[in-house]
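Raw contents of query23.cif, mmCIF, C-alpha atoms:
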data_start
loop_
_atom_site.label_atom_id
_atom_site.label_comp_id
_atom_site.auth_asym_id
_atom_site.auth_seq_id
_atom_site.Cartn_x
_atom_site.Cartn_y
_atom_site.Cartn_z
CA MET E 765 200.04 62.89 109.56
CA ASP E 766 201.51 64.08 106.24
CA GLY E 767 204.94 63.33 104.85
CA ILE E 768 207.41 60.88 103.33
CA LEU E 769 208.40 57.74 105.24
CA LEU E 770 211.47 55.74 104.25
CA ILE E 771 211.18 52.02 104.99
CA ASN E 772 213.80 49.28 104.76
CA LYS E 773 211.44 46.64 103.41
CA PRO E 774 212.17 43.17 104.77
CA ILE E 775 212.22 40.12 102.54
CA HIS E 776 209.16 37.83 102.36
CA MET E 777 206.77 40.79 102.43
CA THR E 778 205.10 42.48 99.48
CA SER E 779 205.23 46.25 99.15
CA HIS E 780 201.48 46.27 99.75
CA ASP E 781 201.99 44.30 102.98
CA VAL E 782 204.24 47.10 104.20
CA VAL E 783 201.67 49.73 103.19
CA ASN E 784 199.02 47.88 105.20
CA VAL E 785 201.25 47.79 108.29
CA VAL E 786 201.81 51.54 108.06
CA ARG E 787 198.12 52.22 107.44
CA TYR E 788 197.25 50.27 110.59
CA THR E 789 200.01 51.89 112.65
CA PHE E 790 199.16 55.45 111.55
CA HIS E 791 195.38 54.90 111.48
CA THR E 792 195.01 56.21 107.94
CA LYS E 793 194.16 54.76 104.53
CA LYS E 794 196.10 57.48 102.72
CA VAL E 795 199.38 55.63 102.25
CA GLY E 796 201.02 54.81 98.92
CA HIS E 797 204.43 53.51 97.85
CA CYS E 798 206.80 54.77 95.16
CA GLY E 799 207.94 51.75 93.17
CA THR E 800 207.16 48.13 93.97
CA LEU E 801 209.76 45.82 95.49
CA ASP E 802 209.36 42.07 94.97
CA PRO E 803 208.70 39.95 98.09
CA ASP E 804 212.21 38.43 97.89
CA ALA E 805 213.82 41.88 97.73
CA SER E 806 214.70 44.20 100.59
CA GLY E 807 215.73 47.83 100.81
CA VAL E 808 214.44 51.32 100.17
CA LEU E 809 210.66 51.60 99.92
CA VAL E 810 209.43 55.21 99.81
CA LEU E 811 205.97 55.71 101.31
CA CYS E 812 203.85 58.84 100.97
CA ILE E 813 201.36 59.50 103.76
CA GLY E 814 198.36 61.82 103.92
CA LYS E 815 198.58 64.86 101.66
CA ALA E 816 202.01 63.69 100.50
CA THR E 817 200.30 60.95 98.44
CA LYS E 818 199.70 63.69 95.86
CA ALA E 819 203.45 63.56 95.14
CA LEU E 820 203.55 59.82 94.36
CA GLN E 821 203.65 60.19 90.58
CA PHE E 822 206.71 62.43 90.73
CA LEU E 823 208.76 60.44 93.23
CA GLN E 824 208.15 57.20 91.29
CA SER E 825 210.00 58.50 88.26
CA ASP E 826 213.38 58.64 89.99
CA ASP E 827 216.34 56.40 89.13
CA LYS E 828 217.13 53.40 91.33
CA GLU E 829 220.25 51.70 92.64
CA TYR E 830 220.39 48.00 93.50
CA ILE E 831 222.86 45.52 94.91
CA THR E 832 222.20 42.11 93.41
CA THR E 833 223.80 38.69 93.29
CA LEU E 834 223.59 36.67 90.07
CA SER E 835 223.84 32.89 90.46
CA LEU E 836 225.09 30.99 87.41
CA GLY E 837 224.22 27.38 86.65
CA SER E 838 220.45 27.25 87.09
CA SER E 839 217.55 29.33 85.80
CA THR E 840 214.03 29.59 87.21
CA ASP E 841 210.63 30.46 85.80
CA THR E 842 210.49 33.62 87.93
CA TYR E 843 214.12 34.60 87.23
CA ASP E 844 214.80 34.66 90.99
CA ALA E 845 215.57 32.18 93.79
CA SER E 846 211.91 31.62 94.68
CA GLY E 847 210.97 30.10 91.31
CA LYS E 848 210.93 26.61 89.88
CA VAL E 849 214.21 25.48 88.31
CA VAL E 850 213.75 25.12 84.55
CA ASP E 851 217.33 24.64 83.32
CA THR E 852 220.75 23.71 84.73
CA LYS E 853 224.34 23.56 83.53
CA ARG E 854 227.54 22.66 85.38
CA PHE E 855 229.59 25.76 86.20
CA ASP E 856 233.03 25.65 84.57
CA GLY E 857 234.12 29.24 85.11
CA ILE E 858 233.88 32.45 83.06
CA ASN E 859 236.46 34.52 81.22
CA ASN E 860 234.50 37.39 79.65
CA LEU E 861 232.74 38.90 82.66
CA GLU E 862 233.96 42.49 82.24
CA GLU E 863 233.03 42.51 78.55
CA VAL E 864 229.52 41.19 79.26
CA ILE E 865 228.92 43.65 82.10
CA ASN E 866 229.94 46.60 79.91
CA SER E 867 227.63 45.41 77.12
CA TYR E 868 224.61 45.95 79.37
CA ILE E 869 225.40 49.59 80.17
CA GLY E 870 223.37 52.17 78.25
CA ALA E 871 219.90 52.66 76.77
CA GLN E 872 218.30 49.39 75.68
CA LYS E 873 215.17 47.29 75.30
CA GLN E 874 214.33 44.85 78.09
CA VAL E 875 211.70 42.12 78.19
CA PRO E 876 210.07 42.00 81.64
CA PRO E 877 209.71 38.63 83.40
CA MET E 878 206.41 36.77 83.02
CA TYR E 879 206.09 36.71 86.79
CA SER E 880 205.55 40.45 87.14
CA ALA E 881 202.63 42.80 87.76
CA ILE E 882 202.75 44.47 84.34
CA LYS E 883 199.32 44.43 82.74
CA VAL E 884 198.69 43.08 79.23
CA GLN E 885 195.13 43.12 77.88
CA GLY E 886 193.80 43.94 81.34
CA LYS E 887 195.52 41.07 83.16
CA LYS E 888 198.79 40.99 85.09
CA LEU E 889 201.54 38.92 83.53
CA TYR E 890 201.83 36.63 86.53
CA GLU E 891 198.16 35.72 86.10
CA TYR E 892 198.95 34.40 82.63
CA ALA E 893 202.07 32.63 83.92
CA ARG E 894 200.25 30.84 86.74
CA LYS E 895 197.72 29.45 84.24
CA ASN E 896 200.44 28.51 81.72
CA GLU E 897 198.86 30.89 79.22
CA THR E 898 200.99 32.55 76.57
CA VAL E 899 200.84 36.26 75.81
CA GLU E 900 203.10 38.62 73.91
CA VAL E 901 205.35 40.59 76.25
CA LYS E 902 206.72 43.66 74.52
CA PRO E 903 210.20 44.92 75.42
CA ARG E 904 210.39 48.20 77.29
CA ASP E 905 212.85 51.09 77.04
CA ILE E 906 215.21 51.20 80.01
CA THR E 907 218.64 52.61 80.76
CA ILE E 908 221.41 51.01 82.77
CA TYR E 909 223.62 53.93 83.81
CA ASP E 910 226.35 51.94 85.54
CA ILE E 911 227.21 48.45 86.76
CA GLU E 912 229.91 48.10 89.42
CA LEU E 913 231.33 44.64 90.04
CA LEU E 914 231.50 44.11 93.81
CA ASN E 915 232.46 40.45 94.21
CA VAL E 916 232.89 37.16 92.37
CA LEU E 917 232.75 33.92 94.37
CA ASP E 918 232.66 30.76 92.29
CA ASN E 919 229.37 30.90 90.34
CA GLU E 920 227.99 33.98 92.16
CA ILE E 921 228.50 37.53 90.89
CA THR E 922 227.55 40.50 93.09
CA MET E 923 227.02 43.87 91.40
CA LYS E 924 225.77 47.38 92.11
CA VAL E 925 223.41 48.55 89.37
CA LEU E 926 222.26 52.13 88.76
CA CYS E 927 219.28 52.16 86.42
CA SER E 928 216.16 53.93 85.26
CA LYS E 929 212.68 53.42 86.61
CA GLY E 930 211.04 50.29 85.21
CA THR E 931 214.21 48.18 85.03
CA TYR E 932 213.81 44.57 86.13
CA ILE E 933 217.00 43.36 87.78
CA ARG E 934 215.66 39.80 87.53
CA SER E 935 215.61 40.14 83.74
CA LEU E 936 219.05 41.74 83.75
CA CYS E 937 220.48 38.80 85.74
CA ARG E 938 218.81 36.22 83.51
CA ASP E 939 219.97 37.93 80.30
CA MET E 940 223.49 38.49 81.60
CA ALA E 941 223.76 34.82 82.57
CA LEU E 942 222.83 33.77 79.04
CA SER E 943 225.49 36.15 77.68
CA LEU E 944 228.00 34.39 79.94
CA GLY E 945 226.93 31.02 78.54
CA TYR E 946 224.90 29.74 81.47
CA PRO E 947 221.36 29.57 82.73
CA GLY E 948 221.14 31.86 85.75
CA HIS E 949 218.86 33.64 88.18
CA MET E 950 218.86 36.54 90.63
CA LYS E 951 219.82 35.10 94.01
CA SER E 952 219.27 38.27 96.06
CA LEU E 953 218.31 41.92 95.65
CA ILE E 954 218.66 45.00 97.81
CA ARG E 955 217.42 48.42 96.67
CA SER E 956 220.11 50.71 98.07
CA LYS E 957 218.72 53.96 96.61
CA SER E 958 215.45 55.27 95.22
CA GLY E 959 216.08 58.69 93.74
CA LYS E 960 217.84 60.69 96.44
CA PHE E 961 216.62 58.43 99.24
CA GLN E 962 219.23 56.03 100.62
CA LEU E 963 219.10 52.77 102.57
CA GLU E 964 221.00 54.19 105.54
CA ASP E 965 218.21 56.75 106.05
CA CYS E 966 215.44 54.12 106.20
CA PHE E 967 213.56 52.80 109.22
CA THR E 968 212.54 49.22 109.92
CA LEU E 969 208.94 48.20 110.54
CA ASP E 970 209.89 47.60 114.17
CA ASP E 971 211.10 51.20 114.36
CA ILE E 972 207.77 52.40 112.98
CA GLN E 973 205.70 50.34 115.40
CA ASN E 974 207.85 51.54 118.30
CA GLY E 975 207.42 55.19 117.29
CA ASP E 976 211.12 55.55 116.47
CA TYR E 977 210.96 57.30 113.09
CA GLU E 978 210.88 60.67 111.37
CA LEU E 979 208.73 61.83 108.46
CA LEU E 980 210.27 63.86 105.68
CA SER E 981 208.40 66.91 104.42
CA LEU E 982 207.59 67.61 100.78
CA GLU E 983 210.27 70.29 101.00
CA ASP E 984 212.80 67.58 101.90
CA ALA E 985 211.53 65.27 99.15
CA PHE E 986 211.76 67.92 96.41
CA LYS E 987 214.95 69.60 97.63
CA CYS E 988 216.96 68.42 94.60
CA TYR E 989 214.32 69.48 92.05
CA GLU E 990 214.38 72.82 90.26
CA HIS E 991 212.25 75.38 92.11
CA TYR E 992 210.17 78.23 90.69
CA VAL E 993 209.27 80.90 93.26
CA VAL E 994 205.93 82.71 93.06
CA ASP E 995 205.08 85.86 95.01
CA ASP E 996 201.33 85.27 94.91
CA GLU E 997 200.31 81.79 96.10
CA ASN E 998 196.78 82.31 94.79
CA ILE E 999 198.12 81.79 91.26
CA VAL E 1000 198.82 78.18 92.24
CA TYR E 1001 195.74 77.64 94.42
CA HIS E 1002 193.53 78.59 91.46
CA GLY E 1003 195.58 76.60 88.94
CA LYS E 1004 196.43 79.62 86.82
CA LEU E 1005 199.03 79.60 84.06
CA ILE E 1006 202.47 81.11 84.68
CA LYS E 1007 204.14 82.89 81.79
CA SER E 1008 207.56 81.32 81.28
CA ASP E 1009 209.80 79.87 78.59
CA ILE E 1010 210.91 76.98 80.84
CA ASP E 1011 210.62 73.74 78.84
CA HIS E 1012 210.56 71.19 81.68
CA ASN E 1013 208.75 70.42 84.91
CA VAL E 1014 209.50 72.53 87.98
CA VAL E 1015 208.42 72.51 91.61
CA VAL E 1016 206.57 75.74 92.39
CA VAL E 1017 207.23 77.15 95.87
CA ASN E 1018 206.25 80.31 97.75
CA LYS E 1019 208.67 82.93 99.11
CA ASP E 1020 209.25 80.76 102.19
CA HIS E 1021 210.11 77.82 99.89
CA LYS E 1022 207.03 75.86 100.88
CA VAL E 1023 206.16 73.39 98.11
CA LEU E 1024 202.86 74.26 96.40
CA ALA E 1025 202.66 72.31 93.14
CA VAL E 1026 204.44 70.78 90.18
CA TYR E 1027 204.12 72.76 86.94
CA GLY E 1028 205.15 71.89 83.40
CA PRO E 1029 205.28 73.62 79.98
CA ASN E 1030 202.10 73.80 77.89
CA GLY E 1031 203.99 74.41 74.64
CA GLN E 1032 202.61 77.94 74.28
CA GLY E 1033 204.98 79.95 76.45
CA TYR E 1034 203.36 79.15 79.78
CA LEU E 1035 203.72 76.72 82.67
CA LYS E 1036 200.56 74.85 83.63
CA SER E 1037 199.69 73.07 86.84
CA ILE E 1038 200.28 69.32 86.71
CA ARG E 1039 199.48 68.60 90.35
CA GLY E 1040 198.73 70.75 93.35
CA LEU E 1041 200.57 69.60 96.47
CA PHE E 1042 198.84 71.81 99.04
#
Exercise: express the given structure as C-alpha coordinates:
Amino acid sequence: MDGILLINKPIHMTSHDVVNVVRYTFHTKKVGHCGTLDPDASGVLVLCIGKATKALQFLQSDDKEYITTLSLGSSTDTYDASGKVVDTKRFDGINNLEEVINSYIGAQKQVPPMYSAIKVQGKKLYEYARKNETVEVKPRDITIYDIELLNVLDNEITMKVLCSKGTYIRSLCRDMALSLGYPGHMKSLIRSKSGKFQLEDCFTLDDIQNGDYELLSLEDAFKCYEHYVVDDENIVYHGKLIKSDIDHNVVVVNKDHKVLAVYGPNGQGYLKSIRGLF
(Lines of atoms letter the chains of each structure in order from A and count residues from 1; the text may use other names and numbers.)
(Lines give C-alpha, C1' and ligand atoms only; values in the text may rest on other atoms or scores of the structure.)
Protein backbone atom coordinates (compact mmCIF):
# COMPACT_ATOMS: atom_id res chain seq x y z
CA MET A 1 0.00 0.00 0.00
CA ASP A 2 2.06 2.92 -1.34
CA GLY A 3 0.78 6.29 -2.50
CA ILE A 4 -0.73 9.67 -1.72
CA LEU A 5 -4.12 9.90 -0.01
CA LEU A 6 -6.10 13.14 -0.01
CA ILE A 7 -8.29 13.60 3.06
CA ASN A 8 -10.91 16.25 3.81
CA LYS A 9 -10.03 16.59 7.48
CA PRO A 10 -13.08 17.15 9.68
CA ILE A 11 -13.10 19.75 12.43
CA HIS A 12 -12.47 18.70 16.05
CA MET A 13 -9.76 16.24 15.02
CA THR A 14 -6.01 16.80 15.01
CA SER A 15 -3.98 15.93 11.94
CA HIS A 16 -2.37 13.17 13.98
CA ASP A 17 -5.82 11.78 14.84
CA VAL A 18 -6.46 11.42 11.12
CA VAL A 19 -3.09 9.73 10.60
CA ASN A 20 -3.95 7.22 13.32
CA VAL A 21 -7.30 6.41 11.70
CA VAL A 22 -5.58 5.74 8.37
CA ARG A 23 -2.83 3.68 10.03
CA TYR A 24 -5.48 1.50 11.66
CA THR A 25 -7.56 1.21 8.48
CA PHE A 26 -4.58 0.36 6.24
CA HIS A 27 -2.77 -1.76 8.86
CA THR A 28 0.49 0.15 8.50
CA LYS A 29 2.54 2.52 10.63
CA LYS A 30 4.09 4.18 7.58
CA VAL A 31 1.72 7.13 7.26
CA GLY A 32 2.69 10.80 7.46
CA HIS A 33 0.94 14.09 6.71
CA CYS A 34 2.12 17.09 4.70
CA GLY A 35 1.36 20.18 6.77
CA THR A 36 -0.56 20.26 10.03
CA LEU A 37 -4.15 21.51 10.20
CA ASP A 38 -5.44 22.81 13.54
CA PRO A 39 -8.26 20.83 15.20
CA ASP A 40 -10.77 23.62 14.45
CA ALA A 41 -9.81 23.65 10.76
CA SER A 42 -11.08 21.40 7.98
CA GLY A 43 -9.98 20.75 4.43
CA VAL A 44 -7.11 19.31 2.43
CA LEU A 45 -4.77 17.06 4.39
CA VAL A 46 -2.24 15.24 2.20
CA LEU A 47 -1.15 11.86 3.56
CA CYS A 48 1.78 9.81 2.30
CA ILE A 49 1.55 6.05 2.79
CA GLY A 50 4.21 3.35 2.61
CA LYS A 51 7.14 4.16 0.34
CA ALA A 52 5.50 7.49 -0.51
CA THR A 53 6.46 8.77 2.96
CA LYS A 54 9.90 9.39 1.45
CA ALA A 55 8.31 12.27 -0.49
CA LEU A 56 6.93 14.07 2.58
CA GLN A 57 9.63 16.73 2.76
CA PHE A 58 8.99 17.82 -0.83
CA LEU A 59 5.20 17.92 -0.73
CA GLN A 60 5.23 19.95 2.50
CA SER A 61 6.95 22.87 0.81
CA ASP A 62 4.02 23.67 -1.47
CA ASP A 63 1.90 26.83 -1.23
CA LYS A 64 -1.51 26.68 0.44
CA GLU A 65 -4.93 28.20 -0.15
CA TYR A 66 -7.43 28.83 2.64
CA ILE A 67 -10.96 30.13 3.04
CA THR A 68 -11.27 31.87 6.39
CA THR A 69 -13.75 34.02 8.25
CA LEU A 70 -12.45 36.84 10.45
CA SER A 71 -14.73 37.91 13.31
CA LEU A 72 -14.27 41.48 14.55
CA GLY A 73 -15.08 42.62 18.08
CA SER A 74 -13.41 40.01 20.27
CA SER A 75 -9.94 38.48 20.43
CA THR A 76 -8.87 35.21 22.04
CA ASP A 77 -5.65 33.85 23.48
CA THR A 78 -5.46 31.23 20.70
CA TYR A 79 -6.45 33.68 17.93
CA ASP A 80 -9.35 31.37 16.97
CA ALA A 81 -12.89 30.61 18.15
CA SER A 82 -11.81 27.88 20.58
CA GLY A 83 -9.77 30.20 22.80
CA LYS A 84 -10.51 32.30 25.85
CA VAL A 85 -11.77 35.82 25.10
CA VAL A 86 -9.14 38.36 26.18
CA ASP A 87 -10.47 41.61 24.69
CA THR A 88 -13.72 43.00 23.30
CA LYS A 89 -14.92 46.14 21.53
CA ARG A 90 -18.35 47.07 20.18
CA PHE A 91 -18.47 46.78 16.39
CA ASP A 92 -19.27 50.11 14.73
CA GLY A 93 -18.44 49.27 11.13
CA ILE A 94 -15.32 49.59 8.95
CA ASN A 95 -14.43 51.86 6.06
CA ASN A 96 -10.88 50.88 5.08
CA LEU A 97 -11.22 47.14 4.45
CA GLU A 98 -9.81 47.07 0.90
CA GLU A 99 -6.79 49.15 1.93
CA VAL A 100 -6.04 46.88 4.91
CA ILE A 101 -6.42 43.69 2.86
CA ASN A 102 -4.02 44.96 0.20
CA SER A 103 -1.47 45.92 2.87
CA TYR A 104 -1.11 42.26 3.85
CA ILE A 105 -0.26 41.03 0.34
CA GLY A 106 3.42 40.34 -0.32
CA ALA A 107 6.54 39.10 1.48
CA GLN A 108 6.51 39.93 5.18
CA LYS A 109 7.41 38.92 8.72
CA GLN A 110 4.76 37.16 10.79
CA VAL A 111 4.74 36.32 14.49
CA PRO A 112 3.22 32.86 15.03
CA PRO A 113 0.53 32.43 17.73
CA MET A 114 1.65 31.25 21.17
CA TYR A 115 -0.78 28.36 20.88
CA SER A 116 1.14 26.59 18.11
CA ALA A 117 3.45 23.60 17.79
CA ILE A 118 6.54 25.61 16.85
CA LYS A 119 9.46 24.65 19.06
CA VAL A 120 11.51 27.21 21.00
CA GLN A 121 14.37 25.96 23.19
CA GLY A 122 13.14 22.39 22.81
CA LYS A 123 9.55 23.05 23.89
CA LYS A 124 6.44 23.71 21.82
CA LEU A 125 4.99 27.19 22.14
CA TYR A 126 1.65 25.93 23.41
CA GLU A 127 3.47 24.25 26.30
CA TYR A 128 4.75 27.66 27.40
CA ALA A 129 1.31 29.21 26.87
CA ARG A 130 -0.51 26.62 28.97
CA LYS A 131 1.85 27.29 31.89
CA ASN A 132 1.64 31.08 31.44
CA GLU A 133 5.37 31.16 30.77
CA THR A 134 6.86 33.85 28.57
CA VAL A 135 9.29 33.15 25.76
CA GLU A 136 10.55 35.17 22.83
CA VAL A 137 8.73 34.26 19.62
CA LYS A 138 10.69 35.39 16.60
CA PRO A 139 8.83 36.50 13.46
CA ARG A 140 9.08 34.24 10.44
CA ASP A 141 9.37 35.04 6.74
CA ILE A 142 6.13 34.33 4.88
CA THR A 143 4.48 35.47 1.68
CA ILE A 144 0.82 36.24 1.11
CA TYR A 145 0.37 35.95 -2.66
CA ASP A 146 -3.26 37.01 -2.85
CA ILE A 147 -6.29 37.76 -0.68
CA GLU A 148 -9.72 37.64 -2.31
CA LEU A 149 -12.63 39.16 -0.42
CA LEU A 150 -15.56 36.72 -0.61
CA ASN A 151 -18.16 38.17 1.74
CA VAL A 152 -18.78 40.80 4.42
CA LEU A 153 -21.67 40.29 6.84
CA ASP A 154 -21.78 42.72 9.74
CA ASN A 155 -18.61 42.04 11.78
CA GLU A 156 -17.58 38.92 9.83
CA ILE A 157 -15.22 39.02 6.84
CA THR A 158 -14.74 35.92 4.67
CA MET A 159 -11.62 35.75 2.49
CA LYS A 160 -9.69 33.36 0.26
CA VAL A 161 -5.97 33.50 1.04
CA LEU A 162 -3.16 32.11 -1.12
CA CYS A 163 0.05 31.94 0.89
CA SER A 164 3.41 30.28 1.40
CA LYS A 165 4.10 27.32 3.62
CA GLY A 166 4.38 28.30 7.28
CA THR A 167 1.75 31.04 7.20
CA TYR A 168 -0.58 31.14 10.20
CA ILE A 169 -4.02 32.31 9.12
CA ARG A 170 -4.90 32.78 12.80
CA SER A 171 -2.12 35.36 13.08
CA LEU A 172 -3.18 36.99 9.82
CA CYS A 173 -6.76 37.36 11.11
CA ARG A 174 -5.63 38.75 14.45
CA ASP A 175 -3.22 41.24 12.85
CA MET A 176 -5.73 42.30 10.21
CA ALA A 177 -8.36 42.93 12.89
CA LEU A 178 -5.98 45.22 14.76
CA SER A 179 -5.29 47.10 11.51
CA LEU A 180 -9.06 47.58 11.18
CA GLY A 181 -9.21 48.98 14.71
CA TYR A 182 -10.75 46.02 16.50
CA PRO A 183 -9.79 42.98 18.49
CA GLY A 184 -10.57 39.95 16.34
CA HIS A 185 -10.12 36.23 15.86
CA MET A 186 -10.35 33.56 13.18
CA LYS A 187 -13.88 32.17 13.32
CA SER A 188 -13.40 29.36 10.80
CA LEU A 189 -10.79 27.91 8.45
CA ILE A 190 -10.92 25.60 5.46
CA ARG A 191 -7.79 24.58 3.56
CA SER A 192 -9.04 24.52 -0.02
CA LYS A 193 -5.68 23.69 -1.66
CA SER A 194 -2.33 22.25 -0.65
CA GLY A 195 0.04 22.64 -3.57
CA LYS A 196 -1.75 21.16 -6.57
CA PHE A 197 -4.12 19.09 -4.44
CA GLN A 198 -7.66 20.47 -4.17
CA LEU A 199 -10.53 20.01 -1.74
CA GLU A 200 -12.87 18.61 -4.39
CA ASP A 201 -10.45 15.71 -4.93
CA CYS A 202 -10.37 14.71 -1.24
CA PHE A 203 -12.06 11.79 0.49
CA THR A 204 -13.77 11.78 3.87
CA LEU A 205 -12.76 9.43 6.66
CA ASP A 206 -16.05 7.58 6.10
CA ASP A 207 -15.04 7.07 2.47
CA ILE A 208 -11.71 5.63 3.60
CA GLN A 209 -13.26 3.25 6.10
CA ASN A 210 -15.80 2.11 3.50
CA GLY A 211 -13.07 1.43 0.94
CA ASP A 212 -14.32 4.19 -1.35
CA TYR A 213 -11.07 5.98 -2.21
CA GLU A 214 -8.17 6.11 -4.64
CA LEU A 215 -4.46 6.50 -3.95
CA LEU A 216 -2.39 8.82 -6.09
CA SER A 217 0.99 7.61 -7.31
CA LEU A 218 4.26 9.51 -6.92
CA GLU A 219 4.00 10.17 -10.64
CA ASP A 220 0.67 11.94 -10.02
CA ALA A 221 2.08 13.86 -7.05
CA PHE A 222 5.14 15.13 -8.94
CA LYS A 223 3.42 15.71 -12.29
CA CYS A 224 3.82 19.50 -12.06
CA TYR A 225 7.50 19.37 -11.06
CA GLU A 226 10.35 19.64 -13.55
CA HIS A 227 11.51 16.19 -14.66
CA TYR A 228 15.01 15.02 -15.57
CA VAL A 229 15.08 11.78 -17.58
CA VAL A 230 17.91 9.29 -17.11
CA ASP A 231 18.61 6.37 -19.43
CA ASP A 232 20.40 4.30 -16.80
CA GLU A 233 18.41 3.90 -13.57
CA ASN A 234 21.46 2.50 -11.79
CA ILE A 235 22.88 6.03 -11.64
CA VAL A 236 20.04 6.90 -9.27
CA TYR A 237 19.95 3.60 -7.37
CA HIS A 238 23.62 4.05 -6.47
CA GLY A 239 23.24 7.76 -5.68
CA LYS A 240 25.74 8.86 -8.31
CA LEU A 241 26.20 12.47 -9.40
CA ILE A 242 24.68 13.67 -12.67
CA LYS A 243 26.63 16.23 -14.67
CA SER A 244 24.36 19.21 -15.28
CA ASP A 245 24.26 22.99 -15.01
CA ILE A 246 20.70 22.96 -13.63
CA ASP A 247 20.61 25.24 -10.56
CA HIS A 248 17.43 23.96 -8.86
CA ASN A 249 15.82 20.76 -7.64
CA VAL A 250 14.38 18.35 -10.21
CA VAL A 251 12.48 15.08 -10.08
CA VAL A 252 14.55 12.36 -11.74
CA VAL A 253 12.54 9.82 -13.74
CA ASN A 254 13.35 6.87 -16.00
CA LYS A 255 12.42 6.56 -19.69
CA ASP A 256 8.94 5.39 -18.69
CA HIS A 257 8.58 8.50 -16.49
CA LYS A 258 8.59 6.50 -13.27
CA VAL A 259 9.71 8.72 -10.40
CA LEU A 260 13.09 7.64 -8.98
CA ALA A 261 14.45 10.48 -6.84
CA VAL A 262 14.74 14.19 -6.20
CA TYR A 263 18.10 15.69 -7.18
CA GLY A 264 19.53 19.15 -6.57
CA PRO A 265 22.64 21.15 -7.56
CA ASN A 266 25.87 20.63 -5.61
CA GLY A 267 27.36 23.95 -6.73
CA GLN A 268 30.11 22.24 -8.74
CA GLY A 269 28.35 21.52 -12.03
CA TYR A 270 26.56 18.37 -10.91
CA LEU A 271 23.19 17.28 -9.55
CA LYS A 272 23.32 15.21 -6.37
CA SER A 273 20.70 12.92 -4.88
CA ILE A 274 18.61 14.56 -2.16
CA ARG A 275 16.21 11.68 -1.63
CA GLY A 276 15.64 8.38 -3.36
CA LEU A 277 11.95 7.64 -3.91
CA PHE A 278 12.24 4.02 -5.06
Could you tell me, as a list in words, exactly which residues end up selected when the PyMOL selection byres ((chain E and resi 840) around 9) is applied to this structure?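 After applying the PyMOL selection byres ((chain E and resi 840) around 9), what remains is Ser838, Ser839, Asp841, Thr842, Tyr843, Asp844, Ala845, Ser846, Gly847, Lys848, Val849, Val850, Asp851, Arg938, Pro947, Gly948 and His949 of chain E.
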Please report as CSV every residue of region 864-929 of chain E lying within 10 Å of region 812-833 of chain E, along with the nearest atom pair and their distance in Å (one decimal), using only C-alpha atoms.
residue,atom,partner,partner_atom,distance
E:Thr907,CA,E:Asp827,CA,9.5
E:Ile908,CA,E:Asp827,CA,9.8
E:Tyr909,CA,E:Asp827,CA,9.3
E:Asp910,CA,E:Glu829,CA,9.4
E:Ile911,CA,E:Tyr830,CA,9.6
E:Glu912,CA,E:Ile831,CA,9.3
E:Leu913,CA,E:Ile831,CA,9.8
E:Leu914,CA,E:Ile831,CA,8.8
E:Asn915,CA,E:Thr833,CA,8.9
E:Val916,CA,E:Thr833,CA,9.3
E:Glu920,CA,E:Thr833,CA,6.4
E:Ile921,CA,E:Thr833,CA,5.4
E:Thr922,CA,E:Thr833,CA,4.2
E:Met923,CA,E:Thr832,CA,5.5
E:Lys924,CA,E:Ile831,CA,4.4
E:Val925,CA,E:Tyr830,CA,5.1
E:Leu926,CA,E:Glu829,CA,4.4
E:Cys927,CA,E:Lys828,CA,5.5
E:Ser928,CA,E:Asp827,CA,4.6
E:Lys929,CA,E:Asp827,CA,5.4
Write out as a VMD selection string each polymer residue whose atoms come within 12 Å of region 982-999 of chain E, counting only C-alpha atoms; drop sequence neighbours fewer than 2 positions from it. chain E and resid 766 to 770 810 to 820 822 to 824 826 958 to 961 978 to 980 1001 to 1008 1010 1012 to 1028 1035 to 1037 1040 to 1042
Which residues, written as a PyMOL selection string, have at least one atom at most 9 Å from His776 (chain E), with all atoms listed in the file counted and residues fewer than 4 positions away on the same chain left out? chain E and resi 802-806
Go through the shown structure with the PyMOL selection byres ((chain E and resi 882-899) around 12) and write out the matching residues as a JSON list (two decimals) with C-alpha atoms, in the coordinates of the input.
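Once everything was written out, this is part-v9.json:
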[["chain", "number", "residue", "atom", "x", "y", "z"],
["E", 800, "THR", "CA", 207.16, 48.13, 93.97],
["E", 841, "ASP", "CA", 210.63, 30.46, 85.80],
["E", 842, "THR", "CA", 210.49, 33.62, 87.93],
["E", 847, "GLY", "CA", 210.97, 30.10, 91.31],
["E", 848, "LYS", "CA", 210.93, 26.61, 89.88],
["E", 875, "VAL", "CA", 211.70, 42.12, 78.19],
["E", 876, "PRO", "CA", 210.07, 42.00, 81.64],
["E", 877, "PRO", "CA", 209.71, 38.63, 83.40],
["E", 878, "MET", "CA", 206.41, 36.77, 83.02],
["E", 879, "TYR", "CA", 206.09, 36.71, 86.79],
["E", 880, "SER", "CA", 205.55, 40.45, 87.14],
["E", 881, "ALA", "CA", 202.63, 42.80, 87.76],
["E", 900, "GLU", "CA", 203.10, 38.62, 73.91],
["E", 901, "VAL", "CA", 205.35, 40.59, 76.25],
["E", 902, "LYS", "CA", 206.72, 43.66, 74.52],
["E", 903, "PRO", "CA", 210.20, 44.92, 75.42],
["E", 904, "ARG", "CA", 210.39, 48.20, 77.29],
["E", 930, "GLY", "CA", 211.04, 50.29, 85.21],
["E", 932, "TYR", "CA", 213.81, 44.57, 86.13]]
Closest of E:Val795, E:Ser779, E:Asp905, E:Pro1029 to Asp1011 (chain E) - atom-to-atom distances counting all atoms listed in the file: E:Pro1029
Find the residue from E:Met950, E:Ile865, E:Met940, E:Val808 that sits nearest to Pro774 (chain E); use all atoms listed in the file when measuring.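 Of the candidates, the smallest distance to Pro774 (chain E) is held by E:Val808.
Distance-wise, CA of Gly837 (chain E) and CA of Met777 (chain E) end up 27.1 Å apart.
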Residues within 10 Å of Val783 (chain E), please, as JSON, numbers by chain. Count all atoms listed in the file; anything in the same chain fewer than 2 positions from it doesn't count. {"E": [771, 778, 779, 780, 781, 785, 786, 787, 788, 789, 793, 794, 795, 796, 797, 809, 811, 812, 813]}
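Counting from CA of Val782 (chain E), the distance to CA of Leu801 (chain E) is 10.4 Å.
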Which distance in Å separates CA of Val1000 (chain E) and CA of Asn1030 (chain E), to one decimal?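 CA of Asn1030 (chain E) lies at a distance of 15.4 Å from CA of Val1000 (chain E).
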